[in-house]
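A.B. asks: Below is the file query.csv, which contains CSV, N, CA and C atoms.
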chain,number,residue,atom,x,y,z
A,1,MET,N,28.6,-31.8,32.3
A,1,MET,CA,28.2,-31.4,30.9
A,1,MET,C,26.8,-31.8,30.7
A,2,ASN,N,26.1,-30.9,30.0
A,2,ASN,CA,24.7,-31.2,29.7
A,2,ASN,C,24.6,-31.9,28.3
A,3,GLY,N,25.5,-31.7,27.4
A,3,GLY,CA,25.4,-32.2,26.0
A,3,GLY,C,26.7,-32.5,25.5
A,4,PRO,N,26.8,-33.0,24.3
A,4,PRO,CA,28.1,-33.3,23.7
A,4,PRO,C,28.8,-32.0,23.4
A,5,GLU,N,30.1,-32.1,23.6
A,5,GLU,CA,31.0,-30.9,23.4
A,5,GLU,C,31.5,-30.9,22.0
A,6,LEU,N,31.3,-29.8,21.3
A,6,LEU,CA,31.8,-29.7,19.9
A,6,LEU,C,33.2,-29.1,19.9
A,7,VAL,N,34.2,-29.8,19.5
A,7,VAL,CA,35.5,-29.3,19.5
A,7,VAL,C,35.8,-28.5,18.2
A,8,GLY,N,36.2,-27.3,18.4
A,8,GLY,CA,36.5,-26.4,17.2
A,8,GLY,C,35.3,-25.8,16.6
A,9,ALA,N,34.2,-25.9,17.2
A,9,ALA,CA,33.0,-25.4,16.6
A,9,ALA,C,33.0,-23.9,16.8
A,10,LYS,N,32.6,-23.1,15.7
A,10,LYS,CA,32.5,-21.7,15.8
A,10,LYS,C,31.1,-21.3,16.2
A,11,PRO,N,31.0,-20.2,17.0
A,11,PRO,CA,29.7,-19.8,17.4
A,11,PRO,C,28.9,-19.3,16.2
A,12,ARG,N,27.6,-19.6,16.2
A,12,ARG,CA,26.8,-19.2,15.1
A,12,ARG,C,26.7,-17.7,15.1
A,13,ARG,N,26.8,-17.2,13.9
A,13,ARG,CA,26.6,-15.7,13.7
A,13,ARG,C,25.1,-15.4,13.6
A,14,ARG,N,24.7,-14.4,14.3
A,14,ARG,CA,23.3,-14.0,14.4
A,14,ARG,C,23.0,-13.4,13.0
A,15,GLN,N,21.9,-13.9,12.4
A,15,GLN,CA,21.5,-13.5,11.0
A,15,GLN,C,20.1,-12.9,11.0
A,16,SER,N,19.6,-12.5,12.1
A,16,SER,CA,18.2,-12.1,12.1
A,16,SER,C,18.0,-10.7,11.5
A,17,MET,N,19.0,-9.9,11.3
A,17,MET,CA,18.9,-8.6,10.7
A,17,MET,C,19.0,-8.6,9.2
A,18,ASN,N,19.4,-9.7,8.6
A,18,ASN,CA,19.6,-9.8,7.1
A,18,ASN,C,18.3,-9.4,6.3
A,19,PHE,N,17.2,-9.9,6.8
A,19,PHE,CA,15.9,-9.7,6.0
A,19,PHE,C,15.4,-8.2,6.2
A,20,ARG,N,16.0,-7.5,7.1
A,20,ARG,CA,15.5,-6.1,7.3
A,20,ARG,C,16.3,-5.1,6.5
A,21,ARG,N,17.2,-5.5,5.8
A,21,ARG,CA,18.0,-4.5,5.0
A,21,ARG,C,17.1,-3.8,4.0
A,22,ARG,N,17.2,-2.6,3.9
A,22,ARG,CA,16.4,-1.8,2.9
A,22,ARG,C,17.2,-1.6,1.7
A,23,GLY,N,16.4,-1.4,0.6
A,23,GLY,CA,17.1,-1.1,-0.7
A,23,GLY,C,17.6,0.3,-0.6
A,24,ASN,N,18.3,0.7,-1.7
A,24,ASN,CA,18.9,2.0,-1.7
A,24,ASN,C,18.0,2.9,-2.5
A,25,GLY,N,16.8,2.6,-2.8
A,25,GLY,CA,15.9,3.4,-3.5
A,25,GLY,C,15.5,4.6,-2.7
A,26,PRO,N,14.8,5.5,-3.4
A,26,PRO,CA,14.4,6.8,-2.7
A,26,PRO,C,13.3,6.5,-1.7
A,27,ARG,N,13.4,7.2,-0.6
A,27,ARG,CA,12.4,7.1,0.4
A,27,ARG,C,11.3,8.1,0.1
A,28,PRO,N,10.1,7.8,0.5
A,28,PRO,CA,9.0,8.8,0.3
A,28,PRO,C,9.2,10.0,1.2
A,29,THR,N,8.8,11.2,0.7
A,29,THR,CA,8.8,12.4,1.4
A,29,THR,C,7.8,12.4,2.5
A,30,PRO,N,7.8,13.2,3.5
A,30,PRO,CA,6.8,13.3,4.5
A,30,PRO,C,5.4,13.5,3.9
A,31,ASP,N,5.3,14.4,2.9
A,31,ASP,CA,4.0,14.6,2.2
A,31,ASP,C,3.5,13.4,1.5
A,32,GLN,N,4.4,12.7,0.8
A,32,GLN,CA,4.0,11.4,0.2
A,32,GLN,C,3.5,10.4,1.2
A,33,SER,N,4.2,10.3,2.3
A,33,SER,CA,3.7,9.4,3.4
A,33,SER,C,2.4,9.8,4.0
A,34,ARG,N,2.2,11.1,4.2
A,34,ARG,CA,0.9,11.5,4.7
A,34,ARG,C,-0.2,11.2,3.7
A,35,ARG,N,0.0,11.5,2.4
A,35,ARG,CA,-1.1,11.2,1.5
A,35,ARG,C,-1.4,9.7,1.4
A,36,GLN,N,-0.3,8.9,1.4
A,36,GLN,CA,-0.5,7.4,1.4
A,36,GLN,C,-1.3,7.0,2.6
A,37,SER,N,-1.0,7.5,3.8
A,37,SER,CA,-1.7,7.2,5.0
A,37,SER,C,-3.2,7.6,4.9
A,38,GLU,N,-3.4,8.8,4.4
A,38,GLU,CA,-4.8,9.3,4.3
A,38,GLU,C,-5.6,8.4,3.3
A,39,LEU,N,-5.0,8.0,2.2
A,39,LEU,CA,-5.7,7.2,1.2
A,39,LEU,C,-6.0,5.9,1.8
A,40,VAL,N,-5.1,5.2,2.4
A,40,VAL,CA,-5.3,3.9,3.0
A,40,VAL,C,-6.5,3.9,4.0
A,41,GLN,N,-6.5,5.0,4.8
A,41,GLN,CA,-7.6,5.1,5.8
A,41,GLN,C,-8.9,5.3,5.1
A,42,ALA,N,-9.0,6.1,4.1
A,42,ALA,CA,-10.2,6.4,3.4
A,42,ALA,C,-10.7,5.1,2.7
A,43,ALA,N,-9.7,4.4,2.1
A,43,ALA,CA,-10.1,3.1,1.4
A,43,ALA,C,-10.6,2.1,2.4
A,44,TRP,N,-9.9,2.0,3.5
A,44,TRP,CA,-10.4,1.1,4.6
A,44,TRP,C,-11.8,1.4,5.0
A,45,ARG,N,-12.1,2.6,5.2
A,45,ARG,CA,-13.5,3.0,5.6
A,45,ARG,C,-14.5,2.6,4.6
A,46,HIS,N,-14.1,2.6,3.3
A,46,HIS,CA,-15.0,2.3,2.3
A,46,HIS,C,-15.2,0.7,2.1
A,47,PHE,N,-14.1,0.0,2.1
A,47,PHE,CA,-14.1,-1.4,1.8
A,47,PHE,C,-14.2,-2.3,3.0
A,48,ARG,N,-13.6,-1.9,4.1
A,48,ARG,CA,-13.7,-2.7,5.4
A,48,ARG,C,-13.1,-4.1,5.3
A,49,GLU,N,-12.4,-4.4,4.2
A,49,GLU,CA,-11.7,-5.7,4.0
A,49,GLU,C,-10.4,-5.4,3.3
A,50,ALA,N,-9.4,-6.2,3.6
A,50,ALA,CA,-8.0,-5.9,3.0
A,50,ALA,C,-8.0,-6.2,1.5
A,51,ALA,N,-8.5,-7.4,1.1
A,51,ALA,CA,-8.3,-7.8,-0.3
A,51,ALA,C,-8.9,-6.8,-1.3
A,52,PRO,N,-10.2,-6.4,-1.1
A,52,PRO,CA,-10.7,-5.5,-2.1
A,52,PRO,C,-10.1,-4.1,-2.0
A,53,MET,N,-9.6,-3.7,-0.8
A,53,MET,CA,-9.0,-2.4,-0.7
A,53,MET,C,-7.6,-2.4,-1.4
A,54,ILE,N,-6.9,-3.5,-1.2
A,54,ILE,CA,-5.6,-3.6,-1.9
A,54,ILE,C,-5.8,-3.6,-3.4
A,55,ALA,N,-6.8,-4.4,-3.9
A,55,ALA,CA,-7.1,-4.4,-5.3
A,55,ALA,C,-7.4,-3.0,-5.9
A,56,PHE,N,-8.2,-2.3,-5.1
A,56,PHE,CA,-8.6,-1.0,-5.6
A,56,PHE,C,-7.4,-0.1,-5.7
A,57,LEU,N,-6.6,-0.1,-4.6
A,57,LEU,CA,-5.4,0.8,-4.6
A,57,LEU,C,-4.4,0.6,-5.7
A,58,ASN,N,-4.2,-0.7,-6.1
A,58,ASN,CA,-3.2,-1.1,-7.0
A,58,ASN,C,-3.6,-1.3,-8.4
A,59,SER,N,-4.9,-1.2,-8.7
A,59,SER,CA,-5.4,-1.4,-10.0
A,59,SER,C,-5.7,-0.1,-10.7
A,60,ARG,N,-5.5,-0.2,-12.0
A,60,ARG,CA,-5.9,1.0,-12.8
A,60,ARG,C,-7.4,1.2,-12.9
A,61,HIS,N,-7.8,2.5,-12.8
A,61,HIS,CA,-9.2,2.8,-12.8
A,61,HIS,C,-9.4,3.8,-14.0
A,62,ASP,N,-10.4,3.5,-14.9
A,62,ASP,CA,-10.6,4.4,-16.0
A,62,ASP,C,-11.1,5.8,-15.6
A,63,ALA,N,-11.8,5.9,-14.5
A,63,ALA,CA,-12.3,7.2,-14.1
A,63,ALA,C,-11.2,8.1,-13.6
A,64,LEU,N,-10.1,7.4,-13.1
A,64,LEU,CA,-8.9,8.2,-12.7
A,64,LEU,C,-7.8,8.3,-13.7
A,65,GLU,N,-7.9,7.4,-14.7
A,65,GLU,CA,-6.8,7.3,-15.7
A,65,GLU,C,-5.5,6.9,-15.1
A,66,GLY,N,-5.6,6.0,-14.1
A,66,GLY,CA,-4.3,5.6,-13.4
A,66,GLY,C,-4.7,4.8,-12.2
A,67,GLN,N,-3.6,4.4,-11.4
A,67,GLN,CA,-3.7,3.7,-10.2
A,67,GLN,C,-3.9,4.6,-9.0
A,68,PRO,N,-5.0,4.4,-8.2
A,68,PRO,CA,-5.3,5.3,-7.1
A,68,PRO,C,-4.1,5.5,-6.2
A,69,LEU,N,-3.3,4.5,-5.8
A,69,LEU,CA,-2.2,4.7,-4.9
A,69,LEU,C,-1.2,5.6,-5.5
A,70,HIS,N,-0.8,5.4,-6.8
A,70,HIS,CA,0.2,6.3,-7.4
A,70,HIS,C,-0.3,7.7,-7.5
A,71,LEU,N,-1.5,7.9,-7.9
A,71,LEU,CA,-2.1,9.3,-8.1
A,71,LEU,C,-2.1,10.0,-6.7
A,72,ALA,N,-2.5,9.3,-5.7
A,72,ALA,CA,-2.6,10.0,-4.4
A,72,ALA,C,-1.2,10.3,-3.8
A,73,ILE,N,-0.2,9.5,-4.1
A,73,ILE,CA,1.1,9.7,-3.6
A,73,ILE,C,1.8,10.9,-4.3
A,74,GLU,N,1.4,11.1,-5.6
A,74,GLU,CA,2.0,12.1,-6.4
A,74,GLU,C,1.7,13.5,-5.9
A,75,SER,N,0.4,13.8,-5.6
A,75,SER,CA,0.0,15.1,-5.3
A,75,SER,C,-1.3,15.1,-4.4
A,76,ASP,N,-1.5,16.3,-3.8
A,76,ASP,CA,-2.8,16.5,-3.1
A,76,ASP,C,-4.0,16.4,-4.0
A,77,ASP,N,-3.8,16.9,-5.2
A,77,ASP,CA,-4.9,16.9,-6.2
A,77,ASP,C,-5.2,15.4,-6.6
A,78,GLY,N,-4.2,14.6,-6.7
A,78,GLY,CA,-4.4,13.2,-7.0
A,78,GLY,C,-5.2,12.5,-5.8
A,79,LEU,N,-4.8,12.8,-4.6
A,79,LEU,CA,-5.4,12.3,-3.4
A,79,LEU,C,-6.9,12.7,-3.4
A,80,ALA,N,-7.2,14.0,-3.7
A,80,ALA,CA,-8.5,14.5,-3.7
A,80,ALA,C,-9.4,13.8,-4.8
A,81,ARG,N,-8.8,13.5,-6.0
A,81,ARG,CA,-9.5,12.8,-7.0
A,81,ARG,C,-9.9,11.4,-6.6
A,82,VAL,N,-9.0,10.7,-5.9
A,82,VAL,CA,-9.2,9.3,-5.5
A,82,VAL,C,-10.3,9.3,-4.3
A,83,GLU,N,-10.1,10.2,-3.4
A,83,GLU,CA,-11.1,10.3,-2.3
A,83,GLU,C,-12.5,10.7,-2.9
A,84,LEU,N,-12.6,11.5,-3.9
A,84,LEU,CA,-13.9,11.8,-4.5
A,84,LEU,C,-14.5,10.5,-5.2
A,85,LEU,N,-13.7,9.7,-5.8
A,85,LEU,CA,-14.1,8.5,-6.4
A,85,LEU,C,-14.7,7.6,-5.3
A,86,LEU,N,-14.0,7.5,-4.2
A,86,LEU,CA,-14.5,6.6,-3.1
A,86,LEU,C,-15.8,7.1,-2.6
A,87,GLN,N,-16.0,8.5,-2.5
A,87,GLN,CA,-17.3,9.0,-2.1
A,87,GLN,C,-18.4,8.7,-3.1
A,88,GLN,N,-18.0,8.8,-4.4
A,88,GLN,CA,-19.0,8.5,-5.4
A,88,GLN,C,-19.4,7.0,-5.3
A,89,LEU,N,-18.5,6.1,-5.0
A,89,LEU,CA,-18.8,4.7,-4.9
A,89,LEU,C,-19.7,4.5,-3.7
A,90,ASN,N,-19.6,5.3,-2.7
A,90,ASN,CA,-20.4,5.1,-1.5
A,90,ASN,C,-21.8,5.6,-1.7
A,91,THR,N,-21.9,6.7,-2.5
A,91,THR,CA,-23.2,7.4,-2.6
A,91,THR,C,-23.9,7.0,-3.9
A,92,GLY,N,-23.4,6.2,-4.7
A,92,GLY,CA,-24.0,5.8,-6.0
A,92,GLY,C,-23.8,6.9,-7.1
A,93,GLY,N,-22.7,7.6,-7.0
A,93,GLY,CA,-22.4,8.7,-7.9
A,93,GLY,C,-22.2,8.2,-9.3
A,94,PRO,N,-21.7,9.1,-10.2
A,94,PRO,CA,-21.5,8.7,-11.6
A,94,PRO,C,-20.6,7.6,-11.9
A,95,HIS,N,-19.7,7.3,-11.0
A,95,HIS,CA,-18.7,6.2,-11.2
A,95,HIS,C,-19.0,5.0,-10.3
A,96,ALA,N,-20.2,4.9,-9.7
A,96,ALA,CA,-20.6,3.9,-8.7
A,96,ALA,C,-20.5,2.5,-9.4
A,97,ASN,N,-20.8,2.4,-10.6
A,97,ASN,CA,-20.8,1.1,-11.2
A,97,ASN,C,-19.4,0.6,-11.6
A,98,GLU,N,-18.4,1.4,-11.3
A,98,GLU,CA,-17.0,1.1,-11.6
A,98,GLU,C,-16.3,0.6,-10.3
A,99,THR,N,-16.9,-0.2,-9.5
A,99,THR,CA,-16.3,-0.7,-8.3
A,99,THR,C,-15.3,-1.8,-8.6
A,100,ARG,N,-15.3,-2.4,-9.8
A,100,ARG,CA,-14.3,-3.3,-10.2
A,100,ARG,C,-13.2,-2.6,-10.9
A,101,PRO,N,-11.9,-2.9,-10.6
A,101,PRO,CA,-10.8,-2.3,-11.2
A,101,PRO,C,-10.8,-2.4,-12.7
A,102,GLY,N,-10.3,-1.4,-13.4
A,102,GLY,CA,-10.2,-1.5,-14.9
A,102,GLY,C,-9.0,-2.3,-15.3
A,103,LYS,N,-8.8,-2.3,-16.6
A,103,LYS,CA,-7.6,-3.0,-17.1
A,103,LYS,C,-6.4,-2.3,-16.8
A,104,ARG,N,-5.3,-3.1,-16.6
A,104,ARG,CA,-4.0,-2.5,-16.3
A,104,ARG,C,-3.3,-2.0,-17.5
Please lay out the structure from this file as C-alpha cells.
C.D. replies:
Amino acid sequence: MNGPELVGAKPRRRQSMNFRRRGNGPRPTPDQSRRQSELVQAAWRHFREAAPMIAFLNSRHDALEGQPLHLAIESDDGLARVELLLQQLNTGGPHANETRPGKR
C-alpha cells in the first residue's frame, strides 16, 4: 500500500462540468452573432486595447442614443451606425470629441 486506506470512503464525484451549465435564456441568432463578431473586430482595430474597447461597447453614447453593442446586435443598420462612429473617431469626424462614453 502506498497510503492510508479509507474504509467506507465514497469516490469523489467529478464536478468540473458544473460551472459550464448555461442558462435557459435565448441564444443569439446567427445574424446577431455575426454582427457582434464584426463589431468586436472593428472596435479592436480602433482601440487596440481590451479595457477601452469594452468600455466603448458597453457604455451609452449620445451620438448613437444607446449602447453600441446592443445597437449592433439588434440590426445591420445599428451595426452600420456604430461602425460609422468608429470611423469618425479615427478620422476626426463630427463625433471625434466623443471618445469618452456618455452617461448611462
A.B. asks: Atom CA of Asn90 of chain A and atom CA of Phe47 of chain A are how many Å apart?
C.D. replies: 9.6 Å
A.B. asks: Using all atoms listed in the file for the distances, tell me which of A:Glu38, A:Asp31, A:Asp62, A:Glu49 is nearest to Ser75 of chain A.
C.D. replies: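 Once distances to Ser75 of chain A are computed over all atoms listed in the file, the minimum belongs to A:Asp31.
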A.B. asks: Pick out the residues sitting within 12 Å of segment 80-89 of chain A, and hand them over as a PyMOL selection string; count only C-alpha atoms, and ignore anything fewer than 2 positions along from it in its own chain.
C.D. replies: chain A and resi 35-36+38-47+53+56-57+60-78+91-100
A.B. asks: Emit the selected residues as a compact mmCIF listing (two decimals), in the frame of the given file, including N, CA and C atoms.
C.D. replies:
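File produced: part_12.txt:
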# COMPACT_ATOMS: atom_id res chain seq x y z
N ARG A 35 0.00 11.50 2.40
CA ARG A 35 -1.10 11.20 1.50
C ARG A 35 -1.40 9.70 1.40
N GLN A 36 -0.30 8.90 1.40
CA GLN A 36 -0.50 7.40 1.40
C GLN A 36 -1.30 7.00 2.60
N GLU A 38 -3.40 8.80 4.40
CA GLU A 38 -4.80 9.30 4.30
C GLU A 38 -5.60 8.40 3.30
N LEU A 39 -5.00 8.00 2.20
CA LEU A 39 -5.70 7.20 1.20
C LEU A 39 -6.00 5.90 1.80
N VAL A 40 -5.10 5.20 2.40
CA VAL A 40 -5.30 3.90 3.00
C VAL A 40 -6.50 3.90 4.00
N GLN A 41 -6.50 5.00 4.80
CA GLN A 41 -7.60 5.10 5.80
C GLN A 41 -8.90 5.30 5.10
N ALA A 42 -9.00 6.10 4.10
CA ALA A 42 -10.20 6.40 3.40
C ALA A 42 -10.70 5.10 2.70
N ALA A 43 -9.70 4.40 2.10
CA ALA A 43 -10.10 3.10 1.40
C ALA A 43 -10.60 2.10 2.40
N TRP A 44 -9.90 2.00 3.50
CA TRP A 44 -10.40 1.10 4.60
C TRP A 44 -11.80 1.40 5.00
N ARG A 45 -12.10 2.60 5.20
CA ARG A 45 -13.50 3.00 5.60
C ARG A 45 -14.50 2.60 4.60
N HIS A 46 -14.10 2.60 3.30
CA HIS A 46 -15.00 2.30 2.30
C HIS A 46 -15.20 0.70 2.10
N PHE A 47 -14.10 0.00 2.10
CA PHE A 47 -14.10 -1.40 1.80
C PHE A 47 -14.20 -2.30 3.00
N MET A 53 -9.60 -3.70 -0.80
CA MET A 53 -9.00 -2.40 -0.70
C MET A 53 -7.60 -2.40 -1.40
N PHE A 56 -8.20 -2.30 -5.10
CA PHE A 56 -8.60 -1.00 -5.60
C PHE A 56 -7.40 -0.10 -5.70
N LEU A 57 -6.60 -0.10 -4.60
CA LEU A 57 -5.40 0.80 -4.60
C LEU A 57 -4.40 0.60 -5.70
N ARG A 60 -5.50 -0.20 -12.00
CA ARG A 60 -5.90 1.00 -12.80
C ARG A 60 -7.40 1.20 -12.90
N HIS A 61 -7.80 2.50 -12.80
CA HIS A 61 -9.20 2.80 -12.80
C HIS A 61 -9.40 3.80 -14.00
N ASP A 62 -10.40 3.50 -14.90
CA ASP A 62 -10.60 4.40 -16.00
C ASP A 62 -11.10 5.80 -15.60
N ALA A 63 -11.80 5.90 -14.50
CA ALA A 63 -12.30 7.20 -14.10
C ALA A 63 -11.20 8.10 -13.60
N LEU A 64 -10.10 7.40 -13.10
CA LEU A 64 -8.90 8.20 -12.70
C LEU A 64 -7.80 8.30 -13.70
N GLU A 65 -7.90 7.40 -14.70
CA GLU A 65 -6.80 7.30 -15.70
C GLU A 65 -5.50 6.90 -15.10
N GLY A 66 -5.60 6.00 -14.10
CA GLY A 66 -4.30 5.60 -13.40
C GLY A 66 -4.70 4.80 -12.20
N GLN A 67 -3.60 4.40 -11.40
CA GLN A 67 -3.70 3.70 -10.20
C GLN A 67 -3.90 4.60 -9.00
N PRO A 68 -5.00 4.40 -8.20
CA PRO A 68 -5.30 5.30 -7.10
C PRO A 68 -4.10 5.50 -6.20
N LEU A 69 -3.30 4.50 -5.80
CA LEU A 69 -2.20 4.70 -4.90
C LEU A 69 -1.20 5.60 -5.50
N HIS A 70 -0.80 5.40 -6.80
CA HIS A 70 0.20 6.30 -7.40
C HIS A 70 -0.30 7.70 -7.50
N LEU A 71 -1.50 7.90 -7.90
CA LEU A 71 -2.10 9.30 -8.10
C LEU A 71 -2.10 10.00 -6.70
N ALA A 72 -2.50 9.30 -5.70
CA ALA A 72 -2.60 10.00 -4.40
C ALA A 72 -1.20 10.30 -3.80
N ILE A 73 -0.20 9.50 -4.10
CA ILE A 73 1.10 9.70 -3.60
C ILE A 73 1.80 10.90 -4.30
N GLU A 74 1.40 11.10 -5.60
CA GLU A 74 2.00 12.10 -6.40
C GLU A 74 1.70 13.50 -5.90
N SER A 75 0.40 13.80 -5.60
CA SER A 75 0.00 15.10 -5.30
C SER A 75 -1.30 15.10 -4.40
N ASP A 76 -1.50 16.30 -3.80
CA ASP A 76 -2.80 16.50 -3.10
C ASP A 76 -4.00 16.40 -4.00
N ASP A 77 -3.80 16.90 -5.20
CA ASP A 77 -4.90 16.90 -6.20
C ASP A 77 -5.20 15.40 -6.60
N GLY A 78 -4.20 14.60 -6.70
CA GLY A 78 -4.40 13.20 -7.00
C GLY A 78 -5.20 12.50 -5.80
N THR A 91 -21.90 6.70 -2.50
CA THR A 91 -23.20 7.40 -2.60
C THR A 91 -23.90 7.00 -3.90
N GLY A 92 -23.40 6.20 -4.70
CA GLY A 92 -24.00 5.80 -6.00
C GLY A 92 -23.80 6.90 -7.10
N GLY A 93 -22.70 7.60 -7.00
CA GLY A 93 -22.40 8.70 -7.90
C GLY A 93 -22.20 8.20 -9.30
N PRO A 94 -21.70 9.10 -10.20
CA PRO A 94 -21.50 8.70 -11.60
C PRO A 94 -20.60 7.60 -11.90
N HIS A 95 -19.70 7.30 -11.00
CA HIS A 95 -18.70 6.20 -11.20
C HIS A 95 -19.00 5.00 -10.30
N ALA A 96 -20.20 4.90 -9.70
CA ALA A 96 -20.60 3.90 -8.70
C ALA A 96 -20.50 2.50 -9.40
N ASN A 97 -20.80 2.40 -10.60
CA ASN A 97 -20.80 1.10 -11.20
C ASN A 97 -19.40 0.60 -11.60
N GLU A 98 -18.40 1.40 -11.30
CA GLU A 98 -17.00 1.10 -11.60
C GLU A 98 -16.30 0.60 -10.30
N THR A 99 -16.90 -0.20 -9.50
CA THR A 99 -16.30 -0.70 -8.30
C THR A 99 -15.30 -1.80 -8.60
N ARG A 100 -15.30 -2.40 -9.80
CA ARG A 100 -14.30 -3.30 -10.20
C ARG A 100 -13.20 -2.60 -10.90
A.B. asks: Take atom C of Arg48 of chain A and atom C of Arg27 of chain A and report the distance between them in Å, one decimal.
C.D. replies: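 Going from atom C of Arg48 of chain A over to atom C of Arg27 of chain A, I get 27.8 Å.
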A.B. asks: To one decimal place, how far is atom C of Pro28 of chain A from atom C of Leu79 of chain A in Å?
C.D. replies: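 Computed distance, atom C of Pro28 of chain A to atom C of Leu79 of chain A, equals 17.0 Å.
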